[in-house]
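Structure file target04.cif (mmCIF, N, CA and C atoms) follows.
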```
data_final
#
loop_
_atom_site.label_atom_id
_atom_site.label_comp_id
_atom_site.auth_asym_id
_atom_site.auth_seq_id
_atom_site.Cartn_x
_atom_site.Cartn_y
_atom_site.Cartn_z
N MET F 1 -1.72 -13.43 6.80
CA MET F 1 -0.91 -14.05 7.81
C MET F 1 -1.48 -13.72 9.19
N THR F 2 -1.54 -14.73 10.04
CA THR F 2 -2.00 -14.52 11.40
C THR F 2 -0.81 -14.53 12.35
N VAL F 3 -0.86 -13.65 13.32
CA VAL F 3 0.22 -13.48 14.27
C VAL F 3 -0.33 -13.63 15.68
N THR F 4 0.38 -14.38 16.51
CA THR F 4 0.07 -14.42 17.94
C THR F 4 1.16 -13.65 18.66
N LEU F 5 0.76 -12.72 19.48
CA LEU F 5 1.66 -11.89 20.26
C LEU F 5 1.53 -12.29 21.72
N ILE F 6 2.63 -12.76 22.30
CA ILE F 6 2.66 -13.16 23.71
C ILE F 6 3.47 -12.11 24.46
N THR F 7 2.85 -11.45 25.43
CA THR F 7 3.54 -10.39 26.17
C THR F 7 3.79 -10.79 27.61
N CYS F 8 4.87 -10.24 28.16
CA CYS F 8 5.14 -10.51 29.57
C CYS F 8 4.14 -9.78 30.46
N SER F 9 3.78 -8.55 30.07
CA SER F 9 2.77 -7.76 30.79
C SER F 9 3.04 -7.67 32.29
N GLY F 10 4.30 -7.52 32.64
CA GLY F 10 4.67 -7.43 34.05
C GLY F 10 4.34 -6.08 34.66
N LEU F 11 4.79 -5.88 35.90
CA LEU F 11 4.45 -4.68 36.66
C LEU F 11 5.41 -3.52 36.44
N SER F 12 6.62 -3.78 35.97
CA SER F 12 7.58 -2.70 35.75
C SER F 12 7.18 -1.90 34.52
N ASN F 13 7.88 -0.81 34.27
CA ASN F 13 7.56 0.00 33.10
C ASN F 13 7.69 -0.79 31.80
N VAL F 14 8.70 -1.65 31.70
CA VAL F 14 8.86 -2.41 30.45
C VAL F 14 7.80 -3.50 30.32
N GLY F 15 7.33 -4.03 31.42
CA GLY F 15 6.23 -4.99 31.38
C GLY F 15 4.94 -4.32 30.95
N ARG F 16 4.67 -3.16 31.52
CA ARG F 16 3.48 -2.39 31.12
C ARG F 16 3.60 -1.92 29.68
N LEU F 17 4.82 -1.67 29.26
CA LEU F 17 5.07 -1.28 27.87
C LEU F 17 4.66 -2.38 26.90
N THR F 18 4.93 -3.63 27.25
CA THR F 18 4.53 -4.72 26.35
C THR F 18 3.02 -4.79 26.18
N THR F 19 2.30 -4.50 27.24
CA THR F 19 0.84 -4.46 27.18
C THR F 19 0.37 -3.32 26.28
N ALA F 20 0.95 -2.14 26.47
CA ALA F 20 0.57 -0.99 25.65
C ALA F 20 0.86 -1.24 24.17
N VAL F 21 2.00 -1.85 23.89
CA VAL F 21 2.34 -2.16 22.50
C VAL F 21 1.34 -3.14 21.91
N ALA F 22 1.00 -4.17 22.65
CA ALA F 22 0.03 -5.15 22.15
C ALA F 22 -1.30 -4.49 21.82
N GLN F 23 -1.75 -3.59 22.67
CA GLN F 23 -3.01 -2.90 22.42
C GLN F 23 -2.93 -2.06 21.14
N HIS F 24 -1.82 -1.39 20.92
CA HIS F 24 -1.66 -0.58 19.71
C HIS F 24 -1.56 -1.46 18.46
N VAL F 25 -0.84 -2.57 18.56
CA VAL F 25 -0.71 -3.47 17.42
C VAL F 25 -2.08 -4.04 17.05
N LEU F 26 -2.87 -4.40 18.06
CA LEU F 26 -4.22 -4.91 17.79
C LEU F 26 -5.06 -3.90 17.02
N MET F 27 -4.92 -2.64 17.36
CA MET F 27 -5.69 -1.60 16.66
C MET F 27 -5.22 -1.47 15.20
N ARG F 28 -3.92 -1.56 15.00
CA ARG F 28 -3.37 -1.38 13.65
C ARG F 28 -3.52 -2.61 12.77
N ARG F 29 -3.57 -3.77 13.37
CA ARG F 29 -3.63 -5.02 12.61
C ARG F 29 -4.86 -5.84 13.01
N SER F 30 -5.96 -5.16 13.19
CA SER F 30 -7.20 -5.80 13.62
C SER F 30 -7.53 -7.00 12.75
N GLY F 31 -7.82 -8.11 13.40
CA GLY F 31 -8.20 -9.32 12.70
C GLY F 31 -7.03 -10.20 12.28
N ARG F 32 -5.82 -9.67 12.33
CA ARG F 32 -4.65 -10.45 11.93
C ARG F 32 -3.73 -10.79 13.10
N VAL F 33 -4.00 -10.21 14.25
CA VAL F 33 -3.16 -10.42 15.42
C VAL F 33 -4.01 -10.88 16.59
N GLN F 34 -3.50 -11.89 17.26
CA GLN F 34 -4.13 -12.35 18.49
C GLN F 34 -3.13 -12.11 19.61
N TRP F 35 -3.62 -11.62 20.75
CA TRP F 35 -2.73 -11.27 21.86
C TRP F 35 -3.09 -12.10 23.07
N VAL F 36 -2.05 -12.57 23.76
CA VAL F 36 -2.24 -13.28 25.02
C VAL F 36 -1.13 -12.85 25.98
N ARG F 37 -1.53 -12.59 27.21
CA ARG F 37 -0.54 -12.27 28.26
C ARG F 37 0.05 -13.57 28.78
N ALA F 38 1.33 -13.53 29.12
CA ALA F 38 2.01 -14.73 29.63
C ALA F 38 1.32 -15.28 30.87
N GLN F 39 0.75 -14.40 31.69
CA GLN F 39 0.09 -14.81 32.92
C GLN F 39 -1.20 -15.58 32.68
N ALA F 40 -1.67 -15.60 31.45
CA ALA F 40 -2.92 -16.30 31.14
C ALA F 40 -2.78 -17.81 31.32
N GLY F 41 -1.56 -18.30 31.30
CA GLY F 41 -1.32 -19.72 31.55
C GLY F 41 -1.06 -20.51 30.29
N PRO F 42 -0.53 -21.72 30.47
CA PRO F 42 -0.12 -22.55 29.34
C PRO F 42 -1.23 -22.87 28.35
N ALA F 43 -2.42 -23.19 28.83
CA ALA F 43 -3.51 -23.56 27.92
C ALA F 43 -3.91 -22.37 27.04
N ALA F 44 -4.01 -21.19 27.63
CA ALA F 44 -4.38 -20.00 26.87
C ALA F 44 -3.31 -19.64 25.84
N ILE F 45 -2.06 -19.80 26.23
CA ILE F 45 -0.96 -19.50 25.30
C ILE F 45 -0.98 -20.50 24.14
N ALA F 46 -1.11 -21.76 24.45
CA ALA F 46 -1.15 -22.79 23.41
C ALA F 46 -2.34 -22.58 22.48
N ASP F 47 -3.51 -22.26 23.03
CA ASP F 47 -4.69 -22.00 22.21
C ASP F 47 -4.49 -20.80 21.29
N ALA F 48 -3.90 -19.74 21.83
CA ALA F 48 -3.69 -18.53 21.03
C ALA F 48 -2.69 -18.77 19.90
N ALA F 49 -1.69 -19.60 20.16
CA ALA F 49 -0.65 -19.85 19.16
C ALA F 49 -1.05 -20.90 18.13
N ASP F 50 -2.06 -21.70 18.45
CA ASP F 50 -2.48 -22.77 17.55
C ASP F 50 -2.93 -22.20 16.20
N GLY F 51 -2.27 -22.62 15.16
CA GLY F 51 -2.63 -22.19 13.82
C GLY F 51 -2.05 -20.85 13.39
N ALA F 52 -1.30 -20.19 14.26
CA ALA F 52 -0.69 -18.90 13.90
C ALA F 52 0.45 -19.13 12.91
N ASP F 53 0.58 -18.21 11.98
CA ASP F 53 1.70 -18.26 11.04
C ASP F 53 2.99 -17.80 11.69
N LEU F 54 2.86 -16.92 12.68
CA LEU F 54 4.02 -16.33 13.35
C LEU F 54 3.68 -16.12 14.81
N VAL F 55 4.58 -16.54 15.70
CA VAL F 55 4.41 -16.32 17.13
C VAL F 55 5.52 -15.38 17.58
N VAL F 56 5.13 -14.22 18.12
CA VAL F 56 6.08 -13.22 18.58
C VAL F 56 5.99 -13.12 20.10
N ALA F 57 7.13 -13.32 20.77
CA ALA F 57 7.21 -13.11 22.21
C ALA F 57 7.74 -11.71 22.44
N LEU F 58 6.97 -10.91 23.15
CA LEU F 58 7.37 -9.54 23.46
C LEU F 58 7.70 -9.47 24.94
N ASP F 59 9.01 -9.45 25.21
CA ASP F 59 9.50 -9.44 26.59
C ASP F 59 9.94 -8.03 26.97
N GLY F 60 9.78 -7.72 28.24
CA GLY F 60 10.20 -6.42 28.72
C GLY F 60 11.68 -6.36 29.05
N CYS F 61 12.20 -7.41 29.68
CA CYS F 61 13.58 -7.39 30.15
C CYS F 61 14.22 -8.76 30.02
N GLU F 62 15.37 -8.90 30.62
CA GLU F 62 16.14 -10.14 30.53
C GLU F 62 15.49 -11.32 31.25
N ASP F 63 14.44 -11.09 32.01
CA ASP F 63 13.71 -12.20 32.63
C ASP F 63 12.95 -13.02 31.58
N CYS F 64 12.63 -12.40 30.47
CA CYS F 64 11.98 -13.06 29.32
C CYS F 64 10.74 -13.85 29.72
N CYS F 65 9.87 -13.23 30.48
CA CYS F 65 8.68 -13.92 30.98
C CYS F 65 7.77 -14.41 29.85
N GLY F 66 7.56 -13.61 28.83
CA GLY F 66 6.71 -14.03 27.72
C GLY F 66 7.29 -15.23 26.99
N SER F 67 8.56 -15.18 26.67
CA SER F 67 9.24 -16.29 25.99
C SER F 67 9.26 -17.54 26.84
N ARG F 68 9.58 -17.36 28.11
CA ARG F 68 9.68 -18.50 29.03
C ARG F 68 8.32 -19.19 29.20
N LYS F 69 7.28 -18.39 29.39
CA LYS F 69 5.94 -18.97 29.57
C LYS F 69 5.46 -19.64 28.28
N ALA F 70 5.83 -19.08 27.14
CA ALA F 70 5.47 -19.72 25.86
C ALA F 70 6.13 -21.08 25.76
N THR F 71 7.41 -21.15 26.06
CA THR F 71 8.14 -22.42 26.01
C THR F 71 7.54 -23.43 26.97
N GLU F 72 7.19 -22.98 28.17
CA GLU F 72 6.55 -23.87 29.14
C GLU F 72 5.22 -24.40 28.63
N ALA F 73 4.56 -23.64 27.76
CA ALA F 73 3.28 -24.06 27.19
C ALA F 73 3.48 -24.92 25.94
N GLY F 74 4.74 -25.18 25.59
CA GLY F 74 5.02 -25.99 24.40
C GLY F 74 5.00 -25.19 23.11
N VAL F 75 5.09 -23.88 23.22
CA VAL F 75 5.07 -22.98 22.06
C VAL F 75 6.45 -22.37 21.92
N GLU F 76 7.05 -22.54 20.76
CA GLU F 76 8.35 -21.94 20.50
C GLU F 76 8.14 -20.67 19.68
N PRO F 77 8.41 -19.50 20.27
CA PRO F 77 8.22 -18.26 19.53
C PRO F 77 9.11 -18.21 18.28
N SER F 78 8.55 -17.72 17.19
CA SER F 78 9.31 -17.52 15.96
C SER F 78 10.27 -16.35 16.11
N VAL F 79 9.84 -15.36 16.89
CA VAL F 79 10.60 -14.13 17.07
C VAL F 79 10.49 -13.72 18.53
N GLN F 80 11.61 -13.21 19.08
CA GLN F 80 11.59 -12.63 20.41
C GLN F 80 12.06 -11.20 20.30
N ILE F 81 11.27 -10.29 20.87
CA ILE F 81 11.63 -8.88 20.93
C ILE F 81 11.69 -8.50 22.40
N ARG F 82 12.81 -7.89 22.80
CA ARG F 82 12.98 -7.51 24.21
C ARG F 82 13.15 -6.00 24.29
N ALA F 83 12.30 -5.35 25.06
CA ALA F 83 12.31 -3.89 25.17
C ALA F 83 13.67 -3.36 25.63
N THR F 84 14.29 -4.01 26.60
CA THR F 84 15.56 -3.50 27.10
C THR F 84 16.67 -3.60 26.06
N GLU F 85 16.56 -4.52 25.11
CA GLU F 85 17.55 -4.61 24.04
C GLU F 85 17.36 -3.51 23.00
N LEU F 86 16.20 -2.85 23.05
CA LEU F 86 15.92 -1.76 22.11
C LEU F 86 16.09 -0.40 22.78
N GLY F 87 16.80 -0.39 23.92
CA GLY F 87 17.16 0.87 24.56
C GLY F 87 16.24 1.37 25.64
N ILE F 88 15.23 0.61 25.99
CA ILE F 88 14.32 1.03 27.06
C ILE F 88 14.91 0.57 28.40
N VAL F 89 15.00 1.47 29.35
CA VAL F 89 15.57 1.16 30.65
C VAL F 89 14.46 0.69 31.59
N LYS F 90 14.70 -0.46 32.23
CA LYS F 90 13.73 -0.99 33.18
C LYS F 90 13.78 -0.18 34.46
N ASP F 91 12.61 0.28 34.90
CA ASP F 91 12.50 1.08 36.12
C ASP F 91 11.09 0.88 36.65
N GLY F 92 10.98 0.22 37.77
CA GLY F 92 9.68 -0.09 38.35
C GLY F 92 8.82 1.11 38.66
N ARG F 93 9.43 2.28 38.80
CA ARG F 93 8.67 3.48 39.14
C ARG F 93 8.37 4.36 37.93
N ALA F 94 8.98 4.06 36.81
CA ALA F 94 8.83 4.91 35.63
C ALA F 94 7.48 4.66 34.94
N GLU F 95 7.01 5.68 34.28
CA GLU F 95 5.80 5.57 33.47
C GLU F 95 6.20 5.20 32.05
N VAL F 96 5.31 4.55 31.36
CA VAL F 96 5.53 4.22 29.95
C VAL F 96 5.40 5.51 29.14
N LYS F 97 6.34 5.71 28.24
CA LYS F 97 6.35 6.91 27.40
C LYS F 97 5.90 6.56 25.99
N TYR F 98 5.23 7.53 25.35
CA TYR F 98 4.69 7.27 24.03
C TYR F 98 5.79 6.89 23.04
N HIS F 99 6.94 7.55 23.08
CA HIS F 99 8.01 7.22 22.13
C HIS F 99 8.54 5.80 22.35
N GLU F 100 8.42 5.30 23.58
CA GLU F 100 8.81 3.90 23.84
C GLU F 100 7.82 2.94 23.19
N ILE F 101 6.55 3.27 23.28
CA ILE F 101 5.53 2.45 22.62
C ILE F 101 5.81 2.42 21.12
N GLU F 102 6.08 3.58 20.54
CA GLU F 102 6.37 3.66 19.11
C GLU F 102 7.60 2.82 18.73
N THR F 103 8.65 2.89 19.54
CA THR F 103 9.88 2.13 19.26
C THR F 103 9.61 0.64 19.23
N ILE F 104 8.94 0.14 20.25
CA ILE F 104 8.70 -1.30 20.34
C ILE F 104 7.65 -1.73 19.32
N MET F 105 6.63 -0.91 19.14
CA MET F 105 5.60 -1.25 18.16
C MET F 105 6.20 -1.34 16.76
N ARG F 106 7.09 -0.44 16.42
CA ARG F 106 7.74 -0.47 15.10
C ARG F 106 8.52 -1.77 14.94
N ALA F 107 9.20 -2.23 15.99
CA ALA F 107 9.94 -3.50 15.93
C ALA F 107 8.99 -4.66 15.66
N VAL F 108 7.85 -4.66 16.34
CA VAL F 108 6.86 -5.72 16.14
C VAL F 108 6.31 -5.67 14.72
N LEU F 109 5.91 -4.49 14.27
CA LEU F 109 5.32 -4.37 12.94
C LEU F 109 6.33 -4.69 11.85
N ASP F 110 7.58 -4.26 12.02
CA ASP F 110 8.61 -4.59 11.04
C ASP F 110 8.82 -6.09 10.94
N THR F 111 8.74 -6.76 12.07
CA THR F 111 8.90 -8.22 12.10
C THR F 111 7.75 -8.92 11.40
N THR F 112 6.55 -8.43 11.62
CA THR F 112 5.38 -9.11 11.07
C THR F 112 5.09 -8.73 9.62
N GLU F 113 5.49 -7.55 9.20
CA GLU F 113 5.21 -7.11 7.84
C GLU F 113 6.09 -7.80 6.81
N GLY F 114 7.28 -8.17 7.19
CA GLY F 114 8.21 -8.75 6.25
C GLY F 114 8.02 -10.25 6.02
N ARG F 115 6.97 -10.81 6.60
CA ARG F 115 6.77 -12.26 6.49
C ARG F 115 5.50 -12.60 5.77
#
```

Translate the structure of the given file into structure tokens.
Amino acid sequence: MTVTLITCSGLSNVGRLTTAVAQHVLMRRSGRVQWVRAQAGPAAIADAADGADLVVALDGCEDCCGSRKATEAGVEPSVQIRATELGIVKDGRAEVKYHEIETIMRAVLDTTEGR
């Protein structure tokens, strides 16, 4: 199964967290996951999602930048995971913590492993 992971990759701690999670997922699922940042634009998002068995939008907060940009690119995510819904507090000055990466990464892997 191939998975496309679309991240918001914003500037706040939860945005940076989505980037860190994507990097860790790529290492653990090498060759089965493709990652694209929402800022890459509609064409890049559509290209990355083309032919994927599963499209996961990884959003940091309620702004849902990854999901929104995917929809604007004509891509409907199969799954949306939002860091703030998993207990991570958005704070523009906070650093990303390893246990936060583990929490969000586990949500992504649980979603992709069961399909």

Exactly which residues make up the result of the PyMOL selection byres (((chain F and resi 26 and name CA) around 12) and name CA) on this file, given as a list of chain:residue names?
-> F:Thr2, F:Val3, F:Thr4, F:Leu5, F:Thr19, F:Ala20, F:Val21, F:Ala22, F:Gln23, F:His24, F:Val25, F:Met27, F:Arg28, F:Arg29, F:Ser30, F:Gly31, F:Arg32, F:Val33, F:Gln34, F:Trp35, F:Val36, F:Met105, F:Val108, F:Leu109

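Of the residues under consideration (F:Gln39, F:Thr18, F:Ser12, F:Thr7), F:Thr7 shows the shortest atom-to-atom contact distance to Pro77 of chain F when counting only C-alpha atoms.
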
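Considering the residues F:Cys64, F:Ala107, F:Ala49, F:Leu86 and counting all atoms listed in the file, Cys8 of chain F has its shortest atom-to-atom contact with F:Cys64.
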
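Ranking F:Lys69, F:Arg93, F:Val79, F:Gly10 by their shortest atom-to-atom distance to Ile45 of chain F, with only N, CA and C atoms included, puts F:Lys69 first.
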
Pairwise distance, atom N of Leu58 of chain F with atom N of Arg106 of chain F, equals 12.4 Å

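Going from atom CA of Gly74 of chain F over to atom CA of Asp53 of chain F, you cover 15.8 Å.
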
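We find atom CA of Val96 of chain F and atom C of Glu72 of chain F to be spaced 28.7 Å apart.
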